[in-house]
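Reading through the structure tokens given below for one structure.
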Amino acid sequence: MLDAIREKLGEEIEGLTRELNVVLPDRIARAVELGDLRENAEYKSALERQQFVEARIGHLARRMSELSKIDLASMPVDRVGFGSRVTVLDVAMGRELEFTLTAGDFIDLEAGHVSLESPIGRGLLGVRQGDDVVIQLPAGPRTYSVRAVETLPQQLGIAQ
């Protein structure tokens with residue numbers, strides 16, 4: 001999972017860096033050729049995009065730095081944390097759901113990936129198999145019974 005996240009972030013950084021260094025300078029140069037920059041919407045749009053791209057690259061670089069600090073050996077193997085796959089029973093619906101807790105930049109709801117910053121992610125963080133947890137969702141409180149927990153170290157064969 002860590003490698004997949006690093007790869008996804010790296011690809012986005014690479015694409016944004018190309019846009020920042022190749023595409024946007026060309027776009028800005030073409031807009032400058034159009035004349036008066038005070039009323040030039042293309043120029044303003046290109047500068048705004050440049051600022052956004054620079055900010056996004058900074059954010060992604062911080063994420064990559066955070067990922068490099070994750071020590072799999074020190075992660076708990078008996079409770080939910082980053083990368084854990086969790087099977088829960090939604091008590092009200094009587095239905096089992098599976099979630100994988102991910103970083104904020106690696107969300108795929110269809111695949112069951114939820115961010116650690118989401119209400120479900122925060123609610124499941126630290127719980128153990130057999131626990132019941134009430135999570136406050138936008139639609140109201142939801143009770144989940146934790147059926148199974150497979151932590152990231154377990155998935156990678158680092159711990160039993």
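Labels used: A, B, ... for chains in the order of the structure tokens, numbers from 1 for residues in each chain, and numbers from 1 for ligands as shown.
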
> How would you write, as an MDAnalysis selection string, the set of residues in region 18-155 of chain A that DSSP gives as strand (DSSP E or B)?
Replying inline: chainID A and resid 85:90 95:102 113:115 132:137 140:150

>> Can you tell me, as an MDAnalysis selection string, which residues in region 73-150 of chain A count as alpha helix (DSSP H) by DSSP?
In response: chainID A and resid 119:124

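Minimum atom-to-atom distances from A:Lys69, A:Arg128, A:Arg30, A:Arg63 to Ala148 (chain A) were compared using only C-alpha atoms, and the lowest value belongs to A:Arg128.
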
>> Applying 9 Å and only C-alpha atoms, which residues near Arg79 (chain A) remain after dropping the ones on its own chain fewer than 6 positions away? List them as a list of chain:residue names.
In response: A:Leu125, A:Gly126, A:Val127, A:Arg128, A:Gln129, A:Val149, A:Glu150, A:Thr151

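Of note, CA of Phe82 (chain A) and CA of Glu54 (chain A) are spaced 27.4 Å apart.
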